[in-house]
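Listing of work07.cif; format and content: mmCIF, C-alpha atoms, pLDDT in the B column; chains and numbers go by the auth columns.
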data_start
loop_
_atom_site.group_PDB
_atom_site.id
_atom_site.type_symbol
_atom_site.label_atom_id
_atom_site.label_comp_id
_atom_site.label_asym_id
_atom_site.label_seq_id
_atom_site.Cartn_x
_atom_site.Cartn_y
_atom_site.Cartn_z
_atom_site.B_iso_or_equiv
_atom_site.auth_seq_id
_atom_site.auth_asym_id
ATOM 1 C CA ASP A 1 16.864 18.647 121.150 62.00 226 B
ATOM 2 C CA GLY A 2 19.101 21.681 120.792 70.00 227 B
ATOM 3 C CA GLY A 3 19.474 23.292 117.439 91.00 228 B
ATOM 4 C CA ILE A 4 18.911 26.240 115.160 93.00 229 B
ATOM 5 C CA THR A 5 15.484 27.083 113.818 94.00 230 B
ATOM 6 C CA GLN A 6 15.042 29.208 110.749 95.00 231 B
ATOM 7 C CA SER A 7 11.668 30.355 109.576 89.00 232 B
ATOM 8 C CA PRO A 8 10.026 30.408 107.195 90.00 233 B
ATOM 9 C CA LYS A 9 11.521 27.763 104.894 91.00 234 B
ATOM 10 C CA TYR A 10 10.272 29.592 101.796 93.00 235 B
ATOM 11 C CA LEU A 11 9.678 33.316 101.567 92.00 236 B
ATOM 12 C CA PHE A 12 8.469 35.550 98.784 90.00 237 B
ATOM 13 C CA ARG A 13 9.025 39.288 98.555 87.00 238 B
ATOM 14 C CA LYS A 14 7.631 41.933 96.319 87.00 239 B
ATOM 15 C CA GLU A 15 9.897 44.480 94.750 84.00 240 B
ATOM 16 C CA GLY A 16 10.650 47.376 97.117 86.00 241 B
ATOM 17 C CA GLN A 17 9.660 45.532 100.287 90.00 242 B
ATOM 18 C CA ASN A 18 11.776 44.742 103.299 93.00 243 B
ATOM 19 C CA VAL A 19 11.547 41.213 104.668 93.00 244 B
ATOM 20 C CA THR A 20 12.891 39.681 107.892 95.00 245 B
ATOM 21 C CA LEU A 21 14.237 36.151 108.222 96.00 246 B
ATOM 22 C CA SER A 22 14.085 34.579 111.653 96.00 247 B
ATOM 23 C CA CYS A 23 16.885 32.599 113.310 97.00 248 B
ATOM 24 C CA GLU A 24 16.607 31.164 116.827 97.00 249 B
ATOM 25 C CA GLN A 25 19.049 28.862 118.640 96.00 250 B
ATOM 26 C CA ASN A 26 18.768 27.023 121.955 95.00 251 B
ATOM 27 C CA LEU A 27 22.371 25.812 122.023 92.00 252 B
ATOM 28 C CA ASN A 28 23.523 28.628 124.312 92.00 253 B
ATOM 29 C CA HIS A 29 26.085 29.593 121.659 91.00 254 B
ATOM 30 C CA ASP A 30 27.669 33.019 121.859 91.00 255 B
ATOM 31 C CA ALA A 31 28.258 33.545 118.144 90.00 256 B
ATOM 32 C CA MET A 32 25.737 33.593 115.322 92.00 257 B
ATOM 33 C CA TYR A 33 26.169 34.092 111.578 92.00 258 B
ATOM 34 C CA TRP A 34 24.201 34.736 108.419 95.00 259 B
ATOM 35 C CA TYR A 35 25.351 33.340 105.091 94.00 260 B
ATOM 36 C CA ARG A 36 23.998 33.648 101.592 95.00 261 B
ATOM 37 C CA GLN A 37 24.314 30.819 99.063 93.00 262 B
ATOM 38 C CA ASP A 38 23.662 31.207 95.356 91.00 263 B
ATOM 39 C CA PRO A 39 23.379 28.237 92.955 83.00 264 B
ATOM 40 C CA GLY A 40 26.753 26.627 92.289 77.00 265 B
ATOM 41 C CA GLN A 41 28.526 28.912 94.721 80.00 266 B
ATOM 42 C CA GLY A 42 29.912 28.681 98.201 84.00 267 B
ATOM 43 C CA LEU A 43 28.533 30.378 101.287 89.00 268 B
ATOM 44 C CA ARG A 44 29.244 34.078 101.649 91.00 269 B
ATOM 45 C CA LEU A 45 29.194 35.796 105.035 91.00 270 B
ATOM 46 C CA ILE A 46 26.644 38.614 105.385 95.00 271 B
ATOM 47 C CA TYR A 47 26.804 39.518 109.087 94.00 272 B
ATOM 48 C CA TYR A 48 28.010 37.907 112.272 91.00 273 B
ATOM 49 C CA SER A 49 27.598 38.508 115.978 92.00 274 B
ATOM 50 C CA GLN A 50 30.041 37.291 118.584 88.00 275 B
ATOM 51 C CA ILE A 51 28.111 38.553 121.588 90.00 276 B
ATOM 52 C CA VAL A 52 24.730 40.035 122.465 94.00 277 B
ATOM 53 C CA ASN A 53 24.201 43.637 121.379 95.00 278 B
ATOM 54 C CA ASP A 54 27.163 43.523 119.017 94.00 279 B
ATOM 55 C CA PHE A 55 27.488 42.522 115.368 94.00 280 B
ATOM 56 C CA GLN A 56 29.904 43.001 112.488 92.00 281 B
ATOM 57 C CA LYS A 57 29.589 43.234 108.725 93.00 282 B
ATOM 58 C CA GLY A 58 30.737 40.284 106.685 91.00 283 B
ATOM 59 C CA ASP A 59 31.788 40.269 103.052 89.00 284 B
ATOM 60 C CA ILE A 60 28.417 41.161 101.491 94.00 285 B
ATOM 61 C CA ALA A 61 26.552 43.249 104.095 95.00 286 B
ATOM 62 C CA GLU A 62 25.169 45.889 101.703 95.00 287 B
ATOM 63 C CA GLY A 63 21.385 45.803 101.560 95.00 288 B
ATOM 64 C CA TYR A 64 21.072 43.776 104.765 97.00 289 B
ATOM 65 C CA SER A 65 20.639 44.610 108.455 97.00 290 B
ATOM 66 C CA VAL A 66 20.650 42.555 111.659 98.00 291 B
ATOM 67 C CA SER A 67 20.050 42.858 115.380 97.00 292 B
ATOM 68 C CA ARG A 68 21.184 40.823 118.379 97.00 293 B
ATOM 69 C CA GLU A 69 19.049 41.859 121.317 97.00 294 B
ATOM 70 C CA LYS A 70 18.938 38.353 122.762 96.00 295 B
ATOM 71 C CA LYS A 71 21.513 35.580 122.789 96.00 296 B
ATOM 72 C CA GLU A 72 19.037 33.166 121.209 96.00 297 B
ATOM 73 C CA SER A 73 17.932 35.338 118.312 97.00 298 B
ATOM 74 C CA PHE A 74 19.678 36.878 115.294 98.00 299 B
ATOM 75 C CA PRO A 75 17.113 38.084 112.728 98.00 300 B
ATOM 76 C CA LEU A 76 18.212 39.228 109.272 97.00 301 B
ATOM 77 C CA THR A 77 16.354 41.934 107.356 97.00 302 B
ATOM 78 C CA VAL A 78 16.704 41.993 103.606 95.00 303 B
ATOM 79 C CA THR A 79 16.027 45.592 102.642 93.00 304 B
ATOM 80 C CA SER A 80 14.833 47.035 99.359 87.00 305 B
ATOM 81 C CA ALA A 81 18.400 48.217 98.814 85.00 306 B
ATOM 82 C CA GLN A 82 19.486 44.631 98.172 86.00 307 B
ATOM 83 C CA LYS A 83 19.218 44.473 94.391 85.00 308 B
ATOM 84 C CA ASN A 84 19.457 40.729 93.949 89.00 309 B
ATOM 85 C CA PRO A 85 17.964 39.121 97.075 90.00 310 B
ATOM 86 C CA THR A 86 16.886 35.794 95.559 93.00 311 B
ATOM 87 C CA ALA A 87 19.075 33.203 97.298 94.00 312 B
ATOM 88 C CA PHE A 88 19.268 30.527 99.960 95.00 313 B
ATOM 89 C CA TYR A 89 19.972 32.079 103.375 96.00 314 B
ATOM 90 C CA LEU A 90 21.645 30.061 106.109 95.00 315 B
ATOM 91 C CA CYS A 91 21.946 30.953 109.772 95.00 316 B
ATOM 92 C CA ALA A 92 24.670 29.331 111.855 92.00 317 B
ATOM 93 C CA SER A 93 26.064 29.421 115.361 91.00 318 B
ATOM 94 C CA SER A 94 29.209 28.473 117.241 87.00 319 B
ATOM 95 C CA ILE A 95 30.075 28.129 120.890 83.00 320 B
ATOM 96 C CA ASP A 96 32.702 30.838 120.668 73.00 321 B
ATOM 97 C CA GLY A 97 33.365 33.808 118.472 61.00 322 B
ATOM 98 C CA ALA A 98 36.175 32.272 116.462 62.00 323 B
ATOM 99 C CA LEU A 99 34.053 32.535 113.325 60.00 324 B
ATOM 100 C CA ARG A 100 33.834 28.771 112.953 68.00 325 B
ATOM 101 C CA PRO A 101 30.178 27.967 112.340 68.00 326 B
ATOM 102 C CA GLN A 102 29.414 24.637 113.942 71.00 327 B
ATOM 103 C CA HIS A 103 25.680 24.278 113.531 86.00 328 B
ATOM 104 C CA PHE A 104 23.519 25.438 110.671 91.00 329 B
ATOM 105 C CA GLY A 105 19.793 25.995 110.431 93.00 330 B
ATOM 106 C CA ASP A 106 17.813 24.404 107.600 91.00 331 B
ATOM 107 C CA GLY A 107 17.832 27.629 105.609 94.00 332 B
ATOM 108 C CA THR A 108 15.298 30.019 104.122 95.00 333 B
ATOM 109 C CA ARG A 109 14.848 30.269 100.375 94.00 334 B
ATOM 110 C CA LEU A 110 13.904 33.817 99.419 94.00 335 B
ATOM 111 C CA SER A 111 12.367 34.612 96.042 92.00 336 B
ATOM 112 C CA ILE A 112 11.217 37.848 94.437 85.00 337 B
ATOM 113 C CA LEU A 113 7.703 37.991 93.017 81.00 338 B
ATOM 114 C CA GLY B 1 41.275 36.482 97.913 46.00 52 Y
ATOM 115 C CA GLN B 2 41.917 32.978 99.119 60.00 53 Y
ATOM 116 C CA ASN B 3 41.354 31.283 95.696 84.00 54 Y
ATOM 117 C CA ILE B 4 39.825 28.013 96.779 93.00 55 Y
ATOM 118 C CA ASP B 5 39.877 25.470 93.974 95.00 56 Y
ATOM 119 C CA GLN B 6 37.891 22.232 94.020 96.00 57 Y
ATOM 120 C CA PRO B 7 36.270 20.273 91.157 96.00 58 Y
ATOM 121 C CA THR B 8 32.741 21.314 90.316 94.00 59 Y
ATOM 122 C CA GLU B 9 31.358 17.811 89.807 96.00 60 Y
ATOM 123 C CA MET B 10 32.419 14.207 90.316 98.00 61 Y
ATOM 124 C CA THR B 11 30.742 10.868 89.729 98.00 62 Y
ATOM 125 C CA ALA B 12 31.534 7.570 91.458 97.00 63 Y
ATOM 126 C CA THR B 13 30.080 4.091 91.826 97.00 64 Y
ATOM 127 C CA GLU B 14 28.377 2.685 94.907 97.00 65 Y
ATOM 128 C CA GLY B 15 30.862 0.768 97.036 97.00 66 Y
ATOM 129 C CA ALA B 16 33.891 2.485 95.499 98.00 67 Y
ATOM 130 C CA ILE B 17 36.313 5.112 96.846 98.00 68 Y
ATOM 131 C CA VAL B 18 36.445 8.756 95.786 98.00 69 Y
ATOM 132 C CA GLN B 19 38.902 11.539 96.591 98.00 70 Y
ATOM 133 C CA ILE B 20 37.833 15.188 96.441 98.00 71 Y
ATOM 134 C CA ASN B 21 40.756 17.604 96.194 98.00 72 Y
ATOM 135 C CA CYS B 22 40.958 21.193 97.351 98.00 73 Y
ATOM 136 C CA THR B 23 43.714 23.775 96.986 97.00 74 Y
ATOM 137 C CA TYR B 24 43.847 27.142 98.691 96.00 75 Y
ATOM 138 C CA GLN B 25 46.183 30.037 99.374 93.00 76 Y
ATOM 139 C CA THR B 26 48.485 29.462 102.322 93.00 77 Y
ATOM 140 C CA SER B 27 49.052 33.040 103.507 90.00 78 Y
ATOM 141 C CA GLY B 28 47.460 33.453 106.921 89.00 79 Y
ATOM 142 C CA PHE B 29 46.083 29.900 106.826 91.00 80 Y
ATOM 143 C CA ASN B 30 45.066 28.350 110.145 90.00 81 Y
ATOM 144 C CA GLY B 31 43.063 25.188 109.482 92.00 82 Y
ATOM 145 C CA LEU B 32 40.617 23.614 107.054 94.00 83 Y
ATOM 146 C CA PHE B 33 37.019 22.445 107.347 93.00 84 Y
ATOM 147 C CA TRP B 34 35.059 20.041 105.183 95.00 85 Y
ATOM 148 C CA TYR B 35 31.263 20.164 105.138 94.00 86 Y
ATOM 149 C CA GLN B 36 28.661 17.968 103.470 95.00 87 Y
ATOM 150 C CA GLN B 37 25.561 19.613 102.038 93.00 88 Y
ATOM 151 C CA HIS B 38 22.606 17.753 100.566 93.00 89 Y
ATOM 152 C CA ALA B 39 20.554 19.690 98.027 89.00 90 Y
ATOM 153 C CA GLY B 40 18.344 22.295 99.679 85.00 91 Y
ATOM 154 C CA GLU B 41 19.631 21.500 103.144 88.00 92 Y
ATOM 155 C CA ALA B 42 22.079 22.988 105.616 87.00 93 Y
ATOM 156 C CA PRO B 43 25.767 22.035 105.551 90.00 94 Y
ATOM 157 C CA THR B 44 26.879 19.550 108.179 90.00 95 Y
ATOM 158 C CA PHE B 45 30.359 19.477 109.658 89.00 96 Y
ATOM 159 C CA LEU B 46 32.582 16.577 108.541 94.00 97 Y
ATOM 160 C CA SER B 47 36.137 17.398 109.623 93.00 98 Y
ATOM 161 C CA TYR B 48 38.618 20.030 110.717 92.00 99 Y
ATOM 162 C CA ASN B 49 42.359 19.667 110.020 95.00 100 Y
ATOM 163 C CA VAL B 50 45.072 21.825 111.534 94.00 101 Y
ATOM 164 C CA LEU B 51 48.107 19.518 111.398 96.00 102 Y
ATOM 165 C CA ASP B 52 49.626 17.858 108.337 97.00 103 Y
ATOM 166 C CA GLY B 53 48.530 14.321 107.655 97.00 104 Y
ATOM 167 C CA LEU B 54 45.518 12.101 107.378 97.00 105 Y
ATOM 168 C CA GLU B 55 42.690 12.004 109.905 95.00 106 Y
ATOM 169 C CA GLU B 56 40.298 9.101 109.636 95.00 107 Y
ATOM 170 C CA LYS B 57 36.725 9.167 110.854 91.00 108 Y
ATOM 171 C CA GLY B 58 34.795 6.098 109.825 94.00 109 Y
ATOM 172 C CA ARG B 59 34.231 5.980 106.075 97.00 110 Y
ATOM 173 C CA PHE B 60 35.460 9.560 105.701 97.00 111 Y
ATOM 174 C CA SER B 61 39.071 10.720 105.964 97.00 112 Y
ATOM 175 C CA SER B 62 40.594 14.149 105.461 98.00 113 Y
ATOM 176 C CA PHE B 63 44.172 14.998 104.547 98.00 114 Y
ATOM 177 C CA LEU B 64 46.065 18.261 104.871 98.00 115 Y
ATOM 178 C CA SER B 65 49.406 19.516 103.568 98.00 116 Y
ATOM 179 C CA ARG B 66 49.984 22.998 104.973 97.00 117 Y
ATOM 180 C CA SER B 67 53.094 23.712 102.912 96.00 118 Y
ATOM 181 C CA LYS B 68 51.389 22.784 99.633 96.00 119 Y
ATOM 182 C CA GLY B 69 48.064 24.454 100.363 97.00 120 Y
ATOM 183 C CA TYR B 70 46.338 21.165 99.607 97.00 121 Y
ATOM 184 C CA SER B 71 43.664 19.049 101.226 98.00 122 Y
ATOM 185 C CA TYR B 72 41.523 16.138 100.182 98.00 123 Y
ATOM 186 C CA LEU B 73 38.447 14.379 101.467 98.00 124 Y
ATOM 187 C CA LEU B 74 38.428 10.612 100.978 98.00 125 Y
ATOM 188 C CA LEU B 75 35.132 8.740 100.994 98.00 126 Y
ATOM 189 C CA LYS B 76 35.230 4.934 101.180 97.00 127 Y
ATOM 190 C CA GLU B 77 32.553 2.285 100.627 98.00 128 Y
ATOM 191 C CA LEU B 78 30.372 4.843 98.913 98.00 129 Y
ATOM 192 C CA GLN B 79 26.656 4.748 99.562 97.00 130 Y
ATOM 193 C CA MET B 80 23.845 6.365 97.583 97.00 131 Y
ATOM 194 C CA LYS B 81 23.225 8.748 100.501 97.00 132 Y
ATOM 195 C CA ASP B 82 26.708 10.179 99.973 98.00 133 Y
ATOM 196 C CA SER B 83 25.386 11.997 96.903 97.00 134 Y
ATOM 197 C CA ALA B 84 25.776 15.613 98.010 97.00 135 Y
ATOM 198 C CA SER B 85 27.965 18.678 97.661 95.00 136 Y
ATOM 199 C CA TYR B 86 31.197 18.740 99.633 97.00 137 Y
ATOM 200 C CA LEU B 87 32.446 22.161 100.683 94.00 138 Y
ATOM 201 C CA CYS B 88 36.094 22.876 101.344 95.00 139 Y
ATOM 202 C CA ALA B 89 36.475 25.794 103.783 93.00 140 Y
ATOM 203 C CA PRO B 90 39.921 27.053 104.818 93.00 141 Y
ATOM 204 C CA GLU B 91 40.198 29.197 107.918 88.00 142 Y
ATOM 205 C CA TYR B 92 42.429 32.238 107.944 85.00 143 Y
ATOM 206 C CA SER B 93 43.712 33.747 111.168 78.00 144 Y
ATOM 207 C CA SER B 94 44.617 36.903 109.299 64.00 145 Y
ATOM 208 C CA ALA B 95 40.963 37.493 108.487 62.00 146 Y
ATOM 209 C CA SER B 96 39.613 35.651 111.553 61.00 147 Y
ATOM 210 C CA LYS B 97 37.111 33.736 109.463 74.00 148 Y
ATOM 211 C CA ILE B 98 36.565 30.753 107.220 81.00 149 Y
ATOM 212 C CA ILE B 99 36.021 31.031 103.477 86.00 150 Y
ATOM 213 C CA PHE B 100 33.791 28.534 101.713 88.00 151 Y
ATOM 214 C CA GLY B 101 34.665 27.047 98.340 88.00 152 Y
ATOM 215 C CA SER B 102 31.967 26.584 95.701 90.00 153 Y
ATOM 216 C CA GLY B 103 31.683 22.905 96.543 93.00 154 Y
ATOM 217 C CA THR B 104 32.042 19.637 94.662 96.00 155 Y
ATOM 218 C CA ARG B 105 28.784 17.996 93.659 95.00 156 Y
ATOM 219 C CA LEU B 106 29.264 14.242 94.025 97.00 157 Y
ATOM 220 C CA SER B 107 26.877 11.859 92.291 97.00 158 Y
ATOM 221 C CA ILE B 108 26.834 8.170 93.215 97.00 159 Y
ATOM 222 C CA ARG B 109 25.589 5.662 90.634 96.00 160 Y
ATOM 223 C CA PRO B 110 24.444 2.115 91.467 94.00 161 Y
#
Rewrite the structure of this file - the entire thing - as structure tokens.
Amino acid sequence: DGGITQSPKYLFRKEGQNVTLSCEQNLNHDAMYWYRQDPGQGLRLIYYSQIVNDFQKGDIAEGYSVSREKKESFPLTVTSAQKNPTAFYLCASSIDGALRPQHFGDGTRLSIL
Amino acid sequence: GQNIDQPTEMTATEGAIVQINCTYQTSGFNGLFWYQQHAGEAPTFLSYNVLDGLEEKGRFSSFLSRSKGYSYLLLKELQMKDSASYLCAPEYSSASKIIFGSGTRLSIRP
């Protein structure tokens, strides 16, 4: 079945380390997104990509980086510059680049040791 | 900002009807999404309204009033599995993106 796969489901990071969250989709969607969700809050857009080899900053891009070398993959790196990285991270995709996420992955919960 | 306002928590009884309201700023507004999110899981798409009025989809219906900046999600014949957060997400053409509200956590009691 087509869908979005995020891995791992739970991730732990030590202070000062970079960590990369994986997101793969086999829906042949052009656009992919990364959101962050904190307890009791809505989703906030970190980065999005409307086409391969192109991506744009969202509302809270500081301390994060992404790449889009393949249509199927949109990994997110949480760098040491992100001061409060503990959150639930959701990857999403849509068939076009109208910034309307249609399908979400199951999420990765990142915690700091 | 787009100032999305929806209740933080609601409680309802199994088999009953519940209405979850959402207000938002109208400047640059294009359409409105509702998502359901169970705890620790990904949001799932419920509805998308562009025109004024009520759209029914099984037990769930969504209403939009563009001039009032108001929408609601109506859930009928509530089931225990409907216990989840419901996210209101208006779309703004001016910003070319959707903004998610904080969500309404709905608890269903037997």
Proximity to B:Pro300 - best of B:Ser319, B:Asn253, B:Ser274, B:Gln242, all atoms listed in the file: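 Closest residue, counting all atoms listed in the file: B:Ser274.
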Interface list for chain B, partner chain Y, 8 Å threshold, only C-alpha atoms, as a list in words: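 That gives the following set of residues: Gly265, Gln266, Gly267, Leu268, Arg269, Leu315, Ala323, Leu324, Arg325, Gln327, His328, Phe329, Gly330, Asp331 and Gly332 of chain B.
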Store the residues picked out above, limited to C-alpha atoms, as a PDB file, in the frame of the given file.
ATOM      1  CA  GLY B 265      26.753  26.627  92.289  1.00 77.00           C
ATOM      2  CA  GLN B 266      28.526  28.912  94.721  1.00 80.00           C
ATOM      3  CA  GLY B 267      29.912  28.681  98.201  1.00 84.00           C
ATOM      4  CA  LEU B 268      28.533  30.378 101.287  1.00 89.00           C
ATOM      5  CA  ARG B 269      29.244  34.078 101.649  1.00 91.00           C
ATOM      6  CA  LEU B 315      21.645  30.061 106.109  1.00 95.00           C
ATOM      7  CA  ALA B 323      36.175  32.272 116.462  1.00 62.00           C
ATOM      8  CA  LEU B 324      34.053  32.535 113.325  1.00 60.00           C
ATOM      9  CA  ARG B 325      33.834  28.771 112.953  1.00 68.00           C
ATOM     10  CA  GLN B 327      29.414  24.637 113.942  1.00 71.00           C
ATOM     11  CA  HIS B 328      25.680  24.278 113.531  1.00 86.00           C
ATOM     12  CA  PHE B 329      23.519  25.438 110.671  1.00 91.00           C
ATOM     13  CA  GLY B 330      19.793  25.995 110.431  1.00 93.00           C
ATOM     14  CA  ASP B 331      17.813  24.404 107.600  1.00 91.00           C
ATOM     15  CA  GLY B 332      17.832  27.629 105.609  1.00 94.00           C
TER      16      GLY B 332
END
If we count only C-alpha atoms and set the cut-off at 10 Å, which residues sit around B:Asp279, ignoring sequence neighbours fewer than 4 positions away in its own chain? Please answer as a PDB file with C-alpha atoms, in the coordinates of the input.
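What landed in result07.pdb:
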ATOM      1  CA  TYR B 273      28.010  37.907 112.272  1.00 91.00           C
ATOM      2  CA  SER B 274      27.598  38.508 115.978  1.00 92.00           C
ATOM      3  CA  GLN B 275      30.041  37.291 118.584  1.00 88.00           C
ATOM      4  CA  VAL B 291      20.650  42.555 111.659  1.00 98.00           C
ATOM      5  CA  SER B 292      20.050  42.858 115.380  1.00 97.00           C
ATOM      6  CA  ARG B 293      21.184  40.823 118.379  1.00 97.00           C
ATOM      7  CA  GLU B 294      19.049  41.859 121.317  1.00 97.00           C
TER       8      GLU B 294
END
One-decimal distance in Å that lies between atom CA of Y:Ala135 and atom CA of B:Thr311: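 Calculated distance between atom CA of B:Thr311 and atom CA of Y:Ala135 is 22.2 Å.
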Distance criterion (all atoms listed in the file): nearest to B:Ser318 out of B:Arg261, B:Arg238, B:Lys282, B:Lys296: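 Once distances to B:Ser318 are computed over all atoms listed in the file, the minimum belongs to B:Lys296.
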